[in-house]
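Structure file work_26.json; described as JSON, C-alpha atoms.
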[["chain", "number", "residue", "atom", "x", "y", "z"],
["A", 1, "MET", "CA", 186.00, 84.44, 102.68],
["A", 2, "LEU", "CA", 182.38, 85.56, 103.24],
["A", 3, "LYS", "CA", 183.05, 88.94, 101.66],
["A", 4, "LYS", "CA", 184.36, 87.21, 98.50],
["A", 5, "ALA", "CA", 181.20, 85.04, 98.30],
["A", 6, "MET", "CA", 178.67, 87.92, 98.52],
["A", 7, "PRO", "CA", 178.76, 88.95, 94.81],
["A", 8, "PHE", "CA", 178.26, 85.35, 93.76],
["A", 9, "ILE", "CA", 175.25, 84.94, 96.09],
["A", 10, "ALA", "CA", 173.67, 88.13, 94.67],
["A", 11, "VAL", "CA", 174.01, 86.80, 91.13],
["A", 12, "LEU", "CA", 172.35, 83.54, 92.13],
["A", 13, "LEU", "CA", 169.43, 85.40, 93.74],
["A", 14, "MET", "CA", 168.87, 87.51, 90.62],
["A", 15, "ALA", "CA", 168.91, 84.39, 88.48],
["A", 16, "ALA", "CA", 166.34, 82.75, 90.77],
["A", 17, "LEU", "CA", 164.06, 85.75, 90.52],
["A", 18, "CYS", "CA", 164.27, 85.74, 86.76],
["A", 19, "LEU", "CA", 163.46, 82.04, 86.63],
["A", 20, "SER", "CA", 160.40, 82.50, 88.93],
["A", 21, "GLY", "CA", 158.98, 85.52, 86.90],
["A", 22, "CYS", "CA", 157.17, 85.56, 83.54],
["A", 23, "GLN", "CA", 158.67, 83.24, 81.03],
["A", 24, "HIS", "CA", 156.55, 84.59, 78.03],
["A", 25, "GLN", "CA", 156.17, 87.54, 75.69],
["A", 26, "HIS", "CA", 153.23, 89.79, 76.88],
["A", 27, "ASP", "CA", 150.21, 89.86, 74.53],
["A", 28, "TRP", "CA", 148.51, 93.16, 75.40],
["A", 29, "THR", "CA", 144.83, 93.95, 74.79],
["A", 30, "GLN", "CA", 143.90, 97.39, 73.57],
["A", 31, "ALA", "CA", 143.26, 99.85, 76.35],
["A", 32, "THR", "CA", 139.65, 101.10, 76.50],
["A", 33, "CYS", "CA", 137.98, 104.21, 77.82],
["A", 34, "THR", "CA", 137.69, 102.66, 81.27],
["A", 35, "GLU", "CA", 140.32, 99.86, 81.33],
["A", 36, "ALA", "CA", 144.13, 99.87, 80.88],
["A", 37, "ALA", "CA", 145.85, 97.39, 78.50],
["A", 38, "VAL", "CA", 145.88, 93.84, 79.98],
["A", 39, "CYS", "CA", 148.17, 90.92, 79.15],
["A", 40, "LYS", "CA", 146.04, 88.12, 77.79],
["A", 41, "GLU", "CA", 148.39, 85.51, 79.30],
["A", 42, "CYS", "CA", 149.08, 86.72, 82.81],
["A", 43, "GLY", "CA", 146.60, 89.51, 83.44],
["A", 44, "GLU", "CA", 149.29, 92.13, 84.06],
["A", 45, "THR", "CA", 148.16, 95.68, 83.23],
["A", 46, "GLN", "CA", 150.04, 98.38, 81.41],
["A", 47, "GLY", "CA", 149.49, 102.13, 81.24],
["A", 48, "GLU", "CA", 146.21, 103.93, 82.02],
["A", 49, "PRO", "CA", 142.61, 103.81, 80.63],
["A", 50, "LEU", "CA", 142.17, 106.03, 77.58],
["A", 51, "GLY", "CA", 139.23, 108.00, 79.02],
["A", 52, "HIS", "CA", 136.13, 109.00, 77.04],
["A", 53, "ASP", "CA", 136.42, 111.15, 73.93],
["A", 54, "TRP", "CA", 133.16, 113.10, 74.00],
["A", 55, "ALA", "CA", 131.61, 114.43, 70.81],
["A", 56, "GLN", "CA", 129.40, 117.49, 71.26],
["A", 57, "ALA", "CA", 125.68, 116.97, 71.85],
["A", 58, "THR", "CA", 123.41, 117.61, 68.86],
["A", 59, "CYS", "CA", 119.78, 118.74, 68.66],
["A", 60, "THR", "CA", 118.58, 115.16, 69.00],
["A", 61, "GLU", "CA", 121.50, 113.24, 70.59],
["A", 62, "PRO", "CA", 123.39, 113.75, 73.88],
["A", 63, "LYS", "CA", 127.19, 113.85, 74.15],
["A", 64, "THR", "CA", 128.54, 110.53, 72.79],
["A", 65, "CYS", "CA", 131.96, 108.92, 73.22],
["A", 66, "THR", "CA", 133.58, 108.43, 69.80],
["A", 67, "ARG", "CA", 135.37, 105.32, 71.05],
["A", 68, "CYS", "CA", 132.78, 103.32, 73.03],
["A", 69, "GLY", "CA", 129.46, 104.96, 72.19],
["A", 70, "LYS", "CA", 128.51, 105.78, 75.78],
["A", 71, "THR", "CA", 126.28, 108.84, 76.18],
["A", 72, "THR", "CA", 126.00, 111.48, 78.87],
["A", 73, "GLY", "CA", 123.68, 114.39, 79.50],
["A", 74, "SER", "CA", 120.76, 115.35, 77.26],
["A", 75, "PRO", "CA", 120.34, 116.43, 73.62],
["A", 76, "ALA", "CA", 120.88, 120.13, 73.04],
["A", 77, "GLY", "CA", 117.39, 120.50, 71.56],
["A", 78, "HIS", "CA", 116.31, 122.34, 68.45],
["A", 79, "GLN", "CA", 116.64, 126.11, 68.28],
["A", 80, "VAL", "CA", 113.82, 127.83, 66.36],
["A", 81, "THR", "CA", 113.76, 131.61, 66.33],
["A", 82, "GLU", "CA", 110.58, 132.09, 64.28],
["A", 83, "TRP", "CA", 107.43, 130.01, 63.99],
["A", 84, "LEU", "CA", 105.09, 130.55, 61.04],
["A", 85, "THR", "CA", 101.42, 129.57, 61.24],
["A", 86, "GLU", "CA", 100.45, 126.97, 58.67],
["A", 87, "ALA", "CA", 96.91, 126.28, 59.94],
["A", 88, "GLU", "CA", 94.97, 128.53, 62.31],
["A", 89, "ALA", "CA", 93.56, 127.02, 65.49],
["A", 90, "THR", "CA", 89.75, 127.05, 65.77],
["A", 91, "CYS", "CA", 87.35, 126.09, 68.53],
["A", 92, "THR", "CA", 86.96, 122.65, 66.96],
["A", 93, "ALA", "CA", 90.55, 121.80, 65.95],
["A", 94, "ALA", "CA", 94.13, 122.61, 66.92],
["A", 95, "GLY", "CA", 96.31, 124.60, 64.53],
["A", 96, "VAL", "CA", 99.81, 123.92, 63.15],
["A", 97, "GLU", "CA", 102.91, 126.10, 62.98],
["A", 98, "LYS", "CA", 106.32, 125.39, 61.40],
["A", 99, "GLY", "CA", 109.86, 126.62, 61.97],
["A", 100, "VAL", "CA", 113.46, 125.85, 60.92],
["A", 101, "CYS", "CA", 116.11, 124.87, 63.47],
["A", 102, "THR", "CA", 119.04, 127.31, 63.28],
["A", 103, "ALA", "CA", 121.40, 124.61, 64.55],
["A", 104, "CYS", "CA", 120.66, 121.66, 62.24],
["A", 105, "GLY", "CA", 118.37, 123.07, 59.55],
["A", 106, "GLU", "CA", 115.54, 120.60, 60.19],
["A", 107, "THR", "CA", 111.98, 121.85, 59.53],
["A", 108, "LEU", "CA", 109.82, 121.31, 62.60],
["A", 109, "SER", "CA", 106.06, 121.35, 63.19],
["A", 110, "GLN", "CA", 104.21, 121.92, 66.44],
["A", 111, "GLU", "CA", 100.58, 122.14, 67.51],
["A", 112, "ILE", "CA", 98.80, 125.39, 68.25],
["A", 113, "PRO", "CA", 96.30, 124.74, 71.09],
["A", 114, "GLN", "CA", 92.63, 124.63, 70.14],
["A", 115, "ALA", "CA", 90.89, 127.99, 70.57],
["A", 116, "PRO", "CA", 88.21, 128.34, 73.29],
["A", 117, "HIS", "CA", 84.52, 128.29, 72.43],
["A", 118, "THR", "CA", 82.55, 131.53, 72.37],
["A", 119, "GLU", "CA", 79.50, 131.34, 74.63],
["A", 120, "GLY", "CA", 76.26, 131.81, 72.73],
["A", 121, "GLU", "CA", 72.66, 130.89, 73.56],
["A", 122, "TRP", "CA", 71.16, 128.39, 75.97],
["A", 123, "ILE", "CA", 69.00, 125.83, 74.17],
["A", 124, "VAL", "CA", 66.53, 123.58, 75.99],
["A", 125, "THR", "CA", 67.28, 120.02, 74.93],
["A", 126, "GLN", "CA", 64.86, 118.28, 77.31],
["A", 127, "GLU", "CA", 61.82, 119.92, 78.84],
["A", 128, "ALA", "CA", 61.45, 119.56, 82.60],
["A", 129, "THR", "CA", 58.40, 117.62, 83.75],
["A", 130, "PHE", "CA", 56.77, 116.83, 87.06],
["A", 131, "GLU", "CA", 58.54, 113.46, 87.13],
["A", 132, "ALA", "CA", 62.02, 114.48, 85.98],
["A", 133, "ASP", "CA", 64.34, 117.42, 85.57],
["A", 134, "GLY", "CA", 64.97, 118.79, 82.11],
["A", 135, "GLU", "CA", 68.24, 119.84, 80.53],
["A", 136, "ARG", "CA", 69.58, 122.82, 78.64],
["A", 137, "ALA", "CA", 72.82, 123.31, 76.71],
["A", 138, "LEU", "CA", 75.05, 126.36, 76.30],
["A", 139, "THR", "CA", 76.09, 126.49, 72.65],
["A", 140, "CYS", "CA", 79.09, 128.05, 70.92],
["A", 141, "SER", "CA", 78.15, 131.01, 68.73],
["A", 142, "VAL", "CA", 80.98, 130.14, 66.31],
["A", 143, "CYS", "CA", 80.70, 126.39, 65.72],
["A", 144, "GLY", "CA", 77.32, 125.61, 67.29],
["A", 145, "GLY", "CA", 78.82, 122.94, 69.54],
["A", 146, "VAL", "CA", 77.76, 122.32, 73.12],
["A", 147, "ILE", "CA", 80.01, 123.99, 75.69],
["A", 148, "ARG", "CA", 78.26, 122.61, 78.77],
["A", 149, "THR", "CA", 74.88, 121.38, 79.96],
["A", 150, "GLU", "CA", 72.90, 121.86, 83.14],
["A", 151, "LYS", "CA", 69.72, 120.51, 84.68],
["A", 152, "ILE", "CA", 66.44, 122.41, 84.61],
["A", 153, "ALA", "CA", 64.32, 121.91, 87.73],
["A", 154, "LEU", "CA", 60.74, 123.11, 88.00],
["A", 155, "THR", "CA", 59.78, 125.34, 90.90],
["A", 156, "ALA", "CA", 57.11, 124.11, 93.29],
["A", 157, "GLU", "CA", 54.52, 126.25, 91.50],
["A", 158, "GLU", "CA", 55.64, 124.98, 88.10],
["A", 159, "LYS", "CA", 55.49, 121.38, 89.31],
["A", 160, "LYS", "CA", 51.94, 121.85, 90.50],
["A", 161, "ALA", "CA", 50.93, 123.48, 87.22],
["A", 162, "ALA", "CA", 52.59, 120.69, 85.22],
["A", 163, "PHE", "CA", 50.90, 117.96, 87.23],
["A", 164, "THR", "CA", 47.42, 119.44, 87.46],
["A", 165, "SER", "CA", 47.35, 120.23, 83.75],
["A", 166, "ALA", "CA", 48.08, 116.57, 83.01],
["A", 167, "CYS", "CA", 45.23, 115.25, 85.18],
["A", 168, "GLN", "CA", 42.12, 113.86, 83.45],
["A", 169, "ARG", "CA", 38.50, 113.88, 84.50],
["A", 170, "PHE", "CA", 36.90, 110.47, 84.87],
["A", 171, "SER", "CA", 33.31, 109.61, 85.71],
["A", 172, "TYR", "CA", 32.70, 107.83, 88.98],
["A", 173, "ASP", "CA", 31.19, 104.87, 87.15],
["A", 174, "GLU", "CA", 34.37, 104.40, 85.10],
["A", 175, "ILE", "CA", 36.70, 104.08, 88.06],
["A", 176, "ALA", "CA", 34.22, 102.22, 90.27],
["A", 177, "ARG", "CA", 33.50, 99.46, 87.74],
["A", 178, "ASN", "CA", 37.15, 98.87, 86.79],
["A", 179, "PRO", "CA", 39.35, 100.38, 89.51],
["A", 180, "ASP", "CA", 42.47, 98.37, 88.69],
["A", 181, "GLY", "CA", 42.23, 99.38, 85.04],
["A", 182, "TYR", "CA", 42.78, 103.02, 85.98],
["A", 183, "LYS", "CA", 45.64, 102.55, 88.43],
["A", 184, "GLN", "CA", 48.35, 105.23, 88.22],
["A", 185, "GLN", "CA", 46.22, 107.42, 85.96],
["A", 186, "LYS", "CA", 46.48, 111.10, 86.80],
["A", 187, "ALA", "CA", 43.00, 112.23, 87.78],
["A", 188, "VAL", "CA", 41.17, 115.32, 89.00],
["A", 189, "PHE", "CA", 37.95, 115.32, 91.02],
["A", 190, "GLN", "CA", 35.88, 117.97, 92.70],
["A", 191, "GLY", "CA", 33.70, 117.02, 95.60],
["A", 192, "GLU", "CA", 32.45, 117.46, 99.14],
["A", 193, "VAL", "CA", 34.42, 116.14, 102.10],
["A", 194, "VAL", "CA", 32.27, 113.82, 104.19],
["A", 195, "GLN", "CA", 34.90, 112.47, 106.58],
["A", 196, "VAL", "CA", 38.40, 113.56, 107.71],
["A", 197, "MET", "CA", 40.89, 111.34, 109.58],
["A", 198, "GLU", "CA", 44.30, 112.76, 110.49],
["A", 199, "SER", "CA", 47.57, 111.29, 111.73],
["A", 200, "GLY", "CA", 50.23, 113.98, 111.81],
["A", 201, "ASN", "CA", 50.49, 115.37, 108.30],
["A", 202, "ILE", "CA", 48.82, 112.30, 106.77],
["A", 203, "VAL", "CA", 45.17, 112.97, 106.01],
["A", 204, "VAL", "CA", 42.62, 110.35, 104.96],
["A", 205, "LEU", "CA", 39.43, 111.66, 103.38],
["A", 206, "ARG", "CA", 36.19, 110.31, 102.10],
["A", 207, "VAL", "CA", 34.97, 112.63, 99.38],
["A", 208, "ASN", "CA", 31.71, 112.51, 97.43],
["A", 209, "VAL", "CA", 32.53, 113.44, 93.84],
["A", 210, "THR", "CA", 29.21, 113.44, 91.97],
["A", 211, "LYS", "CA", 26.85, 116.36, 92.41],
["A", 212, "GLY", "CA", 23.32, 114.98, 92.24],
["A", 213, "LYS", "CA", 19.83, 116.37, 92.51],
["A", 214, "TYR", "CA", 19.26, 119.27, 94.84],
["A", 215, "SER", "CA", 23.06, 119.87, 94.89],
["A", 216, "ILE", "CA", 23.61, 116.83, 97.06],
["A", 217, "TRP", "CA", 27.00, 115.18, 96.60],
["A", 218, "GLU", "CA", 27.26, 111.40, 96.35],
["A", 219, "ASP", "CA", 29.58, 108.62, 95.04],
["A", 220, "THR", "CA", 32.44, 108.36, 97.53],
["A", 221, "VAL", "CA", 36.17, 108.17, 96.79],
["A", 222, "TYR", "CA", 38.76, 107.17, 99.41],
["A", 223, "VAL", "CA", 41.61, 109.72, 99.36],
["A", 224, "THR", "CA", 44.99, 109.82, 101.08],
["A", 225, "TYR", "CA", 46.94, 113.06, 101.20],
["A", 226, "GLN", "CA", 50.12, 114.38, 102.83],
["A", 227, "ARG", "CA", 49.57, 117.92, 103.98],
["A", 228, "THR", "CA", 52.52, 120.34, 103.95],
["A", 229, "ALA", "CA", 53.62, 122.04, 107.17],
["A", 230, "ASN", "CA", 52.24, 125.46, 106.24],
["A", 231, "GLU", "CA", 48.99, 124.19, 104.75],
["A", 232, "GLY", "CA", 45.64, 124.65, 106.48],
["A", 233, "ARG", "CA", 43.49, 121.75, 107.63],
["A", 234, "ILE", "CA", 40.77, 120.21, 105.50],
["A", 235, "LEU", "CA", 37.41, 120.03, 107.21],
["A", 236, "GLU", "CA", 34.21, 118.09, 106.71],
["A", 237, "ASP", "CA", 31.77, 119.76, 104.30],
["A", 238, "ASP", "CA", 34.65, 121.54, 102.49],
["A", 239, "ILE", "CA", 34.29, 121.59, 98.72],
["A", 240, "ILE", "CA", 37.69, 120.65, 97.34],
["A", 241, "THR", "CA", 39.41, 119.98, 94.03],
["A", 242, "MET", "CA", 41.97, 117.18, 94.28],
["A", 243, "TYR", "CA", 44.66, 116.11, 91.82],
["A", 244, "GLY", "CA", 46.52, 112.83, 92.11],
["A", 245, "TYR", "CA", 47.01, 109.21, 91.07],
["A", 246, "LEU", "CA", 44.21, 106.64, 91.04],
["A", 247, "THR", "CA", 45.26, 103.66, 93.18],
["A", 248, "GLY", "CA", 42.53, 101.09, 92.55],
["A", 249, "SER", "CA", 40.03, 100.51, 95.34],
["A", 250, "LYS", "CA", 39.73, 100.53, 99.12],
["A", 251, "THR", "CA", 37.59, 98.14, 101.17],
["A", 252, "TYR", "CA", 36.62, 99.04, 104.74],
["A", 253, "GLU", "CA", 34.09, 97.91, 107.31],
["A", 254, "THR", "CA", 30.97, 99.91, 108.07],
["A", 255, "ILE", "CA", 29.64, 100.55, 111.55],
["A", 256, "PHE", "CA", 27.04, 97.86, 110.86],
["A", 257, "GLY", "CA", 29.70, 95.16, 110.33],
["A", 258, "GLY", "CA", 29.45, 95.03, 106.56],
["A", 259, "SER", "CA", 32.14, 96.01, 104.06],
["A", 260, "VAL", "CA", 32.23, 98.68, 101.38],
["A", 261, "THR", "CA", 34.61, 98.88, 98.42],
["A", 262, "ILE", "CA", 35.10, 102.29, 96.80],
["A", 263, "PRO", "CA", 37.59, 103.79, 94.33],
["A", 264, "SER", "CA", 40.78, 105.16, 95.88],
["A", 265, "MET", "CA", 43.37, 107.75, 94.98],
["A", 266, "THR", "CA", 46.47, 109.42, 96.37],
["A", 267, "ALA", "CA", 46.11, 113.17, 96.10],
["A", 268, "LEU", "CA", 49.23, 115.27, 95.56],
["A", 269, "TYR", "CA", 47.47, 118.63, 95.48],
["A", 270, "ILE", "CA", 44.19, 119.71, 97.06],
["A", 271, "ASP", "CA", 42.60, 123.12, 96.60],
["A", 272, "VAL", "CA", 39.84, 124.14, 98.99],
["A", 273, "ASN", "CA", 37.21, 125.95, 96.95]]
What do you get writing this file as structure tokens?
Amino acid sequence: MLKKAMPFIAVLLMAALCLSGCQHQHDWTQATCTEAAVCKECGETQGEPLGHDWAQATCTEPKTCTRCGKTTGSPAGHQVTEWLTEAEATCTAAGVEKGVCTACGETLSQEIPQAPHTEGEWIVTQEATFEADGERALTCSVCGGVIRTEKIALTAEEKKAAFTSACQRFSYDEIARNPDGYKQQKAVFQGEVVQVMESGNIVVLRVNVTKGKYSIWEDTVYVTYQRTANEGRILEDDIITMYGYLTGSKTYETIFGGSVTIPSMTALYIDVN
């Protein structure tokens, strides 16, 4: 009995499976490069993705899929076998050269680097002074442009010459009557040292700067000076020539308890005569 019922049971099972499966006609999407066809109703897939269809790279574009437009890699780049100069490079401007791409036929231009300057003469653009360095410029012998600049510094001897030549002679009366009016003026005086006070390399002098009757020096100026390490000492009764800046006046007490005000200066250079 059971053996006779088996075929009937199998038919019923098949019918049940058919009833529980899809009850519609599949509506397939188009397969893409990366996705298989998909039923819009149930999501079932069919077949395989199409895969990319790569077109060859060009001079300016990388490989591109003809179906989806995706790119891969880099452009092939232009191929120019001969460049012809259209404008020569100079030391003031870059040049231009042109060539034709053998792959695509496009005419291309590229820059020729600017030529280097040719070193010519040095020209002093700012004279060096005692107060500040000067400047000179190396010029191009072709275009006249400035290649580079550098500072000009005076030597110690040149500085002294520059400063002393700029110093003026003033009468004692001028600077004694109006000391503040002559502050920071470059001045030169010759005179006899009447007093020397030293503290290390700092020297304070009282110097008489007017030669009177019988070759007696008078009219005192108060002088401060910084002696260099290899410079000899200044002594009383030395006859010196001093170059420096007037600094107004100096007031000091005398041994008798009074006060004296005299012109003052800071000497930068002192020559012992």
Is it possible to get the axis-aligned box enclosing region 192-199 of chain A (all listed atoms, 6 Å extra per side) as lines of an AutoDock Vina configuration file, with centre and edge lengths in Å rounded to one decimal?
center_x = 39.9
center_y = 114.4
center_z = 105.4
size_x = 27.3
size_y = 18.2
size_z = 24.6
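With distances restricted to only C-alpha atoms, A:Pro263 is the closest residue to Pro179 (chain A) from A:Gly232, A:Pro263, A:Gly244, A:Gly145.
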Residue nearest Asn208 (chain A) among A:Ile255, A:Val96, A:Met242, A:Ala187 (counting only C-alpha atoms):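 Closest to Asn208 (chain A), using only C-alpha atoms: A:Met242.
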One-decimal distance in Å that lies between CA of Leu154 (chain A) and CA of Met265 (chain A): 24.2 Å
Residue neighbourhood Lys159 (chain A), 10 Å, all atoms listed in the file, exclusion window fewer than 6 positions, as JSON, numbers by chain: {"A": [128, 129, 130, 131, 153, 165]}
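As for CA of Lys250 (chain A) and CA of Arg177 (chain A), they are spaced 13.0 Å apart.
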Test item: residues at most 7 Å from Thr210 (chain A), only C-alpha atoms, excluding those fewer than 3 positions along its chain, as a list in words: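 Neighbouring residues, sequence-local ones excluded: Gly191, Trp217, Glu218 and Asp219 of chain A.
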From A:Ala156, A:Val221, A:Val146, A:Ile123, residue lying nearest Tyr269 (chain A) [all atoms listed in the file]: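 Checking each candidate against Tyr269 (chain A), we get A:Ala156 as the closest.
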Nearby residues (all atoms listed in the file) at most 6 Å from region 42-52 of chain A, same-chain spacing under 3 positions excluded, as a list of chain:residue names: A:Ala31, A:Thr32, A:Cys33, A:Thr34, A:Glu35, A:Ala36, A:Ala37, A:Val38, A:Cys39, A:Cys65
Point-to-point distance in Å for CA of Pro75 (chain A) and CA of Lys63 (chain A): 7.3 Å
Option closest in space to Glu231 (chain A), from A:Ser264, A:Asn201, A:Thr71, A:Ser249 [counting all atoms listed in the file]: A:Asn201
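Across A:Gly212, A:Gly134, A:Gly77, A:Gly258, the tightest approach to Leu108 (chain A) is made by A:Gly77 when counting all atoms listed in the file.
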Pick from A:Ile234, A:Val193, A:Ala176, A:Ile202 nearest to Val260 (chain A), counting only C-alpha atoms: A:Ala176
